[in-house]
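See below for run_9.txt, which holds compact mmCIF, C-alpha atoms.
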```txt
# COMPACT_ATOMS: atom_id res chain seq x y z
CA MET A 1 133.70 75.49 -20.58
CA ASP A 2 130.97 77.26 -22.53
CA TYR A 3 131.99 78.94 -25.78
CA ARG A 4 130.82 79.75 -29.30
CA PHE A 5 132.70 80.05 -32.59
CA HIS A 6 132.17 82.83 -35.13
CA PRO A 7 134.03 83.30 -38.45
CA LEU A 8 135.92 86.55 -39.08
CA GLY A 9 136.87 86.98 -42.72
CA ASP A 10 138.58 84.02 -44.38
CA ASN A 11 141.41 83.44 -41.92
CA ALA A 12 140.16 84.03 -38.38
CA VAL A 13 137.79 82.56 -35.83
CA ILE A 14 136.30 84.43 -32.86
CA ILE A 15 135.95 82.37 -29.70
CA GLU A 16 133.11 83.93 -27.69
CA LEU A 17 133.49 83.07 -24.01
CA GLY A 18 130.74 85.19 -22.49
CA GLU A 19 128.35 88.07 -23.10
CA ASP A 20 129.11 90.24 -20.07
CA ILE A 21 132.31 91.89 -18.84
CA ASN A 22 132.95 90.15 -15.53
CA LEU A 23 135.63 88.26 -13.65
CA GLU A 24 134.46 84.79 -14.72
CA THR A 25 134.54 85.67 -18.42
CA HIS A 26 137.92 87.33 -17.99
CA GLN A 27 139.27 84.17 -16.36
CA LYS A 28 138.10 82.16 -19.37
CA VAL A 29 139.83 84.57 -21.75
CA ASN A 30 143.02 84.36 -19.67
CA MET A 31 142.88 80.56 -19.60
CA VAL A 32 142.54 80.33 -23.38
CA THR A 33 145.41 82.73 -24.08
CA THR A 34 147.62 80.92 -21.56
CA LEU A 35 146.85 77.66 -23.33
CA PHE A 36 147.82 79.16 -26.70
CA ASP A 37 151.10 80.41 -25.21
CA GLU A 38 151.90 76.95 -23.90
CA GLN A 39 150.55 74.92 -26.83
CA PRO A 40 150.72 77.03 -30.01
CA PHE A 41 149.39 75.61 -33.29
CA GLU A 42 151.66 75.73 -36.33
CA TRP A 43 148.84 77.27 -38.37
CA MET A 44 148.14 80.04 -35.83
CA ILE A 45 149.44 83.49 -36.82
CA GLU A 46 148.40 85.27 -33.61
CA TYR A 47 145.59 85.59 -31.12
CA VAL A 48 143.90 88.78 -29.91
CA PRO A 49 142.15 88.74 -26.51
CA ALA A 50 139.33 91.17 -25.72
CA PHE A 51 136.79 91.62 -22.91
CA THR A 52 134.71 88.53 -23.78
CA THR A 53 136.43 86.96 -26.79
CA VAL A 54 139.69 85.62 -28.16
CA THR A 55 140.19 85.98 -31.92
CA VAL A 56 142.52 83.45 -33.52
CA PHE A 57 144.12 84.35 -36.85
CA TYR A 58 145.35 81.40 -38.90
CA ASP A 59 147.24 80.72 -42.11
CA PRO A 60 145.12 78.47 -44.40
CA LEU A 61 148.25 77.50 -46.36
CA LYS A 62 149.73 75.87 -43.26
CA ILE A 63 146.75 73.57 -42.87
CA SER A 64 148.02 70.58 -44.81
CA ASP A 65 145.12 68.18 -44.31
CA PHE A 66 141.53 69.19 -43.79
CA SER A 67 140.02 66.62 -46.16
CA SER A 68 137.32 65.71 -43.64
CA TYR A 69 136.35 69.39 -43.30
CA THR A 70 134.70 71.69 -45.82
CA LEU A 71 136.87 74.74 -45.10
CA PRO A 72 140.05 75.63 -43.19
CA TYR A 73 137.74 77.45 -40.74
CA ASP A 74 135.98 74.17 -39.94
CA TYR A 75 139.34 72.47 -39.47
CA VAL A 76 140.53 75.14 -37.04
CA CYS A 77 137.29 74.93 -35.05
CA GLY A 78 137.69 71.16 -34.98
CA GLN A 79 141.19 71.51 -33.54
CA LEU A 80 140.13 74.09 -30.95
CA LYS A 81 136.99 72.32 -29.74
CA PRO A 82 138.57 69.46 -27.71
CA LEU A 83 141.05 71.83 -26.07
CA LEU A 84 138.38 74.31 -25.01
CA GLU A 85 136.10 71.58 -23.71
CA SER A 86 138.90 70.18 -21.56
CA LEU A 87 139.54 73.49 -19.78
CA LYS A 88 138.21 74.04 -16.29
CA ILE A 89 137.92 77.40 -14.54
CA GLY A 90 140.92 77.97 -12.29
CA GLU A 91 143.40 75.73 -14.09
CA PHE A 92 145.51 78.72 -15.15
CA SER A 93 145.17 80.95 -12.11
CA SER A 94 148.63 82.50 -12.15
CA GLU A 95 148.51 86.26 -11.83
CA ARG A 96 151.02 89.05 -11.70
CA ILE A 97 150.87 92.07 -9.41
CA VAL A 98 152.38 95.19 -10.95
CA GLU A 99 153.02 98.27 -8.84
CA ILE A 100 152.49 101.55 -10.68
CA PRO A 101 154.08 104.56 -8.93
CA VAL A 102 152.02 107.71 -9.45
CA CYS A 103 152.77 111.33 -8.64
CA TYR A 104 149.32 112.81 -8.05
CA GLY A 105 148.20 116.41 -8.61
CA GLY A 106 150.09 119.54 -9.58
CA GLU A 107 151.35 119.87 -13.15
CA LEU A 108 151.33 116.09 -13.50
CA GLY A 109 147.69 115.75 -12.43
CA PRO A 110 145.96 118.99 -13.40
CA ASP A 111 142.42 117.65 -12.94
CA LEU A 112 142.82 116.22 -9.45
CA GLU A 113 141.18 119.26 -7.85
CA TYR A 114 138.20 119.02 -10.24
CA VAL A 115 137.71 115.29 -9.54
CA ALA A 116 137.76 116.03 -5.82
CA GLU A 117 135.30 118.93 -6.10
CA TYR A 118 132.96 116.95 -8.38
CA ASN A 119 132.72 114.14 -5.84
CA GLY A 120 132.63 116.30 -2.71
CA LEU A 121 136.03 115.09 -1.56
CA THR A 122 139.44 116.51 -0.81
CA PRO A 123 142.35 115.83 -3.20
CA GLU A 124 143.95 113.70 -0.49
CA GLU A 125 140.80 111.57 -0.24
CA VAL A 126 140.77 111.07 -4.02
CA ILE A 127 144.40 109.94 -3.91
CA HIS A 128 143.69 107.54 -1.04
CA ILE A 129 140.67 106.02 -2.77
CA HIS A 130 142.39 105.74 -6.15
CA SER A 131 145.51 104.14 -4.70
CA SER A 132 143.47 101.67 -2.61
CA GLY A 133 141.51 100.09 -5.46
CA ASP A 134 141.48 96.41 -6.38
CA TYR A 135 142.44 96.74 -10.04
CA LEU A 136 142.51 94.20 -12.84
CA VAL A 137 143.71 94.59 -16.44
CA TYR A 138 140.98 93.14 -18.64
CA MET A 139 142.63 93.79 -22.00
CA ILE A 140 145.18 95.88 -23.89
CA GLY A 141 143.97 98.06 -26.76
CA PHE A 142 143.08 101.50 -28.18
CA ALA A 143 146.77 102.53 -28.21
CA PRO A 144 149.93 100.40 -27.87
CA GLY A 145 150.11 99.19 -24.28
CA PHE A 146 146.90 100.94 -23.15
CA PRO A 147 145.32 98.91 -20.31
CA TYR A 148 141.56 98.57 -19.91
CA ILE A 149 141.34 98.50 -16.12
CA GLY A 150 138.46 97.45 -13.88
CA GLY A 151 138.05 98.00 -10.16
CA MET A 152 137.89 101.76 -9.58
CA SER A 153 135.62 103.00 -6.80
CA GLU A 154 132.50 104.87 -7.93
CA LYS A 155 133.25 107.38 -5.17
CA ILE A 156 135.71 109.10 -7.53
CA ALA A 157 133.90 108.50 -10.83
CA THR A 158 133.98 111.68 -12.94
CA PRO A 159 132.74 112.47 -16.49
CA ARG A 160 135.18 113.08 -19.30
CA ARG A 161 136.22 116.63 -20.11
CA ASP A 162 133.85 118.62 -22.33
CA SER A 163 136.79 119.51 -24.55
CA PRO A 164 139.47 116.82 -25.07
CA ARG A 165 143.13 117.77 -24.85
CA LEU A 166 145.10 117.53 -28.09
CA LYS A 167 148.14 116.09 -26.31
CA ILE A 168 148.24 114.00 -23.17
CA PRO A 169 151.76 113.06 -22.00
CA ALA A 170 152.76 109.40 -21.83
CA GLY A 171 152.30 107.99 -18.34
CA SER A 172 149.30 110.17 -17.49
CA VAL A 173 146.81 108.52 -15.15
CA GLY A 174 143.22 109.55 -15.71
CA ILE A 175 139.58 109.00 -14.88
CA ALA A 176 136.68 108.82 -17.32
CA GLY A 177 133.29 107.91 -15.88
CA LYS A 178 133.75 104.80 -13.76
CA GLN A 179 137.06 103.90 -15.38
CA THR A 180 140.67 104.70 -14.65
CA GLY A 181 143.49 104.25 -17.12
CA ILE A 182 147.08 105.07 -18.04
CA TYR A 183 148.15 106.66 -21.31
CA PRO A 184 151.16 104.66 -22.57
CA ILE A 185 152.07 107.13 -25.32
CA GLU A 186 151.37 110.78 -26.08
CA THR A 187 147.90 110.97 -27.60
CA PRO A 188 144.78 113.17 -27.63
CA GLY A 189 142.20 112.35 -24.97
CA GLY A 190 139.39 113.60 -22.80
CA TRP A 191 140.08 111.86 -19.51
CA GLN A 192 140.44 113.79 -16.25
CA LEU A 193 144.16 113.65 -15.43
CA ILE A 194 144.93 113.08 -11.76
CA GLY A 195 148.60 112.10 -11.90
CA ARG A 196 151.44 110.58 -13.88
CA THR A 197 153.67 107.54 -13.60
CA PRO A 198 157.37 107.55 -14.51
CA LEU A 199 157.04 103.96 -15.76
CA LYS A 200 157.09 103.32 -19.50
CA LEU A 201 154.07 101.20 -20.35
CA PHE A 202 154.99 100.86 -24.02
CA ARG A 203 158.52 99.68 -24.82
CA PRO A 204 158.73 99.05 -28.58
CA ASP A 205 162.29 97.72 -28.45
CA ASP A 206 161.49 95.00 -25.90
CA GLU A 207 160.46 91.47 -26.80
CA SER A 208 157.19 92.12 -24.92
CA PRO A 209 156.53 95.78 -25.77
CA SER A 210 153.58 96.19 -23.41
CA LEU A 211 154.53 96.40 -19.73
CA LEU A 212 151.04 95.28 -18.74
CA LYS A 213 149.00 92.36 -20.01
CA ALA A 214 145.49 91.02 -19.52
CA GLY A 215 145.16 89.35 -16.14
CA ASP A 216 147.61 91.61 -14.33
CA LYS A 217 146.59 93.09 -11.01
CA ILE A 218 147.63 96.70 -10.49
CA ARG A 219 148.53 98.62 -7.38
CA PHE A 220 148.86 102.39 -7.67
CA ILE A 221 151.58 103.65 -5.30
CA PRO A 222 151.64 107.41 -4.48
CA ILE A 223 155.07 109.02 -4.86
CA THR A 224 156.37 112.55 -4.37
CA THR A 225 157.41 114.96 -7.10
CA GLU A 226 161.04 114.44 -6.06
CA GLU A 227 160.70 110.67 -6.38
CA TYR A 228 159.07 111.09 -9.79
CA GLU A 229 161.89 113.31 -11.06
CA GLN A 230 164.55 110.98 -9.66
CA TRP A 231 162.88 108.01 -11.34
CA LYS A 232 162.85 109.83 -14.69
CA GLU A 233 166.48 110.87 -14.27
CA ASP A 234 167.58 107.31 -13.43
CA ASP A 235 165.65 105.97 -16.41
CA SER A 236 167.27 108.56 -18.69
CA ASP A 237 170.75 107.58 -17.47
CA LYS A 238 170.04 103.92 -18.30
CA ASN A 239 169.31 104.83 -21.91
CA HIS A 240 172.51 106.79 -22.49
```
When written as structure tokens, how does the structure in this file appear?
Amino acid sequence: MDYRFHPLGDNAVIIELGEDINLETHQKVNMVTTLFDEQPFEWMIEYVPAFTTVTVFYDPLKISDFSSYTLPYDYVCGQLKPLLESLKIGEFSSERIVEIPVCYGGELGPDLEYVAEYNGLTPEEVIHIHSSGDYLVYMIGFAPGFPYIGGMSEKIATPRRDSPRLKIPAGSVGIAGKQTGIYPIETPGGWQLIGRTPLKLFRPDDESPSLLKAGDKIRFIPITTEEYEQWKEDDSDKNH
């Protein structure tokens, strides 16, 4: 597998696995992170996957013997090299499909009408297209649990709002350019909001606080306002 190492400060190495955001590079990133989950190094503090890279943070004090290397960085690269070269595309092909229920339009999706008008479609056509996409989570970032999602149809691509909202409710599903995304927490933002999910994407008390992870496939499932409210009510009862 092709890769390149780059130093980051005095206790991290960036593993560059490609230059373009595409499925093959994503598969490499997913393979490397899966390998680290299954075979963690005692000197590794954490790893951070991105679109084309995986950054490995390490503790130099836990590297007991690097006498044949100039620096801890060289030792870490030396340990990573044989593992990366042994990987073959497709070895870690496990994937998870996560269904995301979405109540489209109305108060929960105030920009659905605009997205439809901008693209010369009806709101129902926008909903159908959005909920029929082949979506893939490339990475988590920006805000806790925020998924960077690929796979939205250009038929419903819409520019960001001229004036961002100061508060976007958690669970809001939006469109910005050729991207779609889900706000996991309340935050400012300029995306066009077309709906909202009752699912909690960020769960700080859980062992894995982010509901979604890189490599997940997403299916958006349209639900009614009644189903949305019932879901929220059931979720509230569980927490009391």
Legend entry - Separation of atom CA of A:Pro101 from atom CA of A:Lys155, in Å and rounded to one decimal: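 About the pair atom CA of A:Pro101 and atom CA of A:Lys155: they are 21.4 Å apart.
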Legend entry - Option closest in space to A:Asp134, from A:Gly150, A:Asp205, A:Pro159, A:Thr225 [counting all atoms listed in the file]: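 Smallest distance to A:Asp134 is found for A:Gly150.
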Inset, instruction - Identify, on the basis of only C-alpha atoms, every residue whose closest approach to A:Asn22 does not exceed 9 Å; exclude the query and any residue fewer than 4 positions from it along the same chain; express the result as a list in words. - result: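 Using only C-alpha atoms, the neighbours found are Gly18, His26, Gln27, Phe51 and Thr52 of chain A.
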Show me, as AutoDock Vina command-line options, the centre and edge lengths in Å to one decimal of the axis-aligned box that covers every listed atom of stretch 23-28 of chain A with 6 Å on each side.
```
--center_x 136.9 --center_y 85.2 --center_z -16.5 --size_x 16.8 --size_y 18.1 --size_z 17.7
```
Shell of 7 Å around stretch 190-204 of chain A, all atoms listed in the file, local chain residues under 5 positions omitted, as a short mmCIF file (atom, residue, chain, number, x, y, z; two decimals) with C-alpha atoms, keeping the file's coordinate frame:
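Ended up saving to result.cif:
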```cif
data_model
loop_
_atom_site.label_atom_id
_atom_site.label_comp_id
_atom_site.auth_asym_id
_atom_site.auth_seq_id
_atom_site.Cartn_x
_atom_site.Cartn_y
_atom_site.Cartn_z
CA ILE A 100 152.49 101.55 -10.68
CA PRO A 101 154.08 104.56 -8.93
CA VAL A 102 152.02 107.71 -9.45
CA CYS A 103 152.77 111.33 -8.64
CA TYR A 104 149.32 112.81 -8.05
CA GLY A 105 148.20 116.41 -8.61
CA LEU A 108 151.33 116.09 -13.50
CA GLY A 109 147.69 115.75 -12.43
CA PRO A 110 145.96 118.99 -13.40
CA ASP A 111 142.42 117.65 -12.94
CA LEU A 112 142.82 116.22 -9.45
CA PRO A 144 149.93 100.40 -27.87
CA GLY A 145 150.11 99.19 -24.28
CA ARG A 160 135.18 113.08 -19.30
CA ARG A 161 136.22 116.63 -20.11
CA SER A 163 136.79 119.51 -24.55
CA PRO A 164 139.47 116.82 -25.07
CA ARG A 165 143.13 117.77 -24.85
CA GLY A 171 152.30 107.99 -18.34
CA SER A 172 149.30 110.17 -17.49
CA VAL A 173 146.81 108.52 -15.15
CA GLY A 174 143.22 109.55 -15.71
CA ILE A 175 139.58 109.00 -14.88
CA ALA A 176 136.68 108.82 -17.32
CA PRO A 184 151.16 104.66 -22.57
CA PRO A 209 156.53 95.78 -25.77
CA SER A 210 153.58 96.19 -23.41
CA LEU A 211 154.53 96.40 -19.73
CA LEU A 212 151.04 95.28 -18.74
CA TYR A 228 159.07 111.09 -9.79
CA TRP A 231 162.88 108.01 -11.34
CA LYS A 232 162.85 109.83 -14.69
#
```
Inset, instruction - With a distance cut-off of 7 Å and all atoms listed in the file, select the neighbouring residues of A:Ala170, excluding the residue or stretch itself and same-chain residues fewer than 4 positions from it, and output the selection as a count of residues only. - result: 4
Inset, instruction - Identify which of the residues A:Gly9, A:Pro188, A:Gly141, A:Pro72 lies closest to A:Trp43, counting all atoms listed in the file when measuring atom-to-atom distances. - result: A:Pro72
Inset, instruction - For A:Lys178, list every protein, DNA or RNA residue within 7 Å, evaluated using all atoms listed in the file, and leave out those in the same chain fewer than 6 positions away; present the list as a ChimeraX atom specification. - result: /A:152,154,157-158
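Going from atom CA of A:Cys77 over to atom CA of A:Ala214, you cover 23.8 Å.
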Legend entry - Within 12 Å of A:Ile21 using all atoms listed in the file, minus same-chain residues under 4 positions, as an NGL selection string: :A and (16-17 or 25-29 or 50-53 or 137-139 or 148-150)
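The residue that comes closest to A:Glu46, out of A:Ala12, A:Arg219, A:Gly78, A:Gly133 and on the basis of only C-alpha atoms, is A:Ala12.
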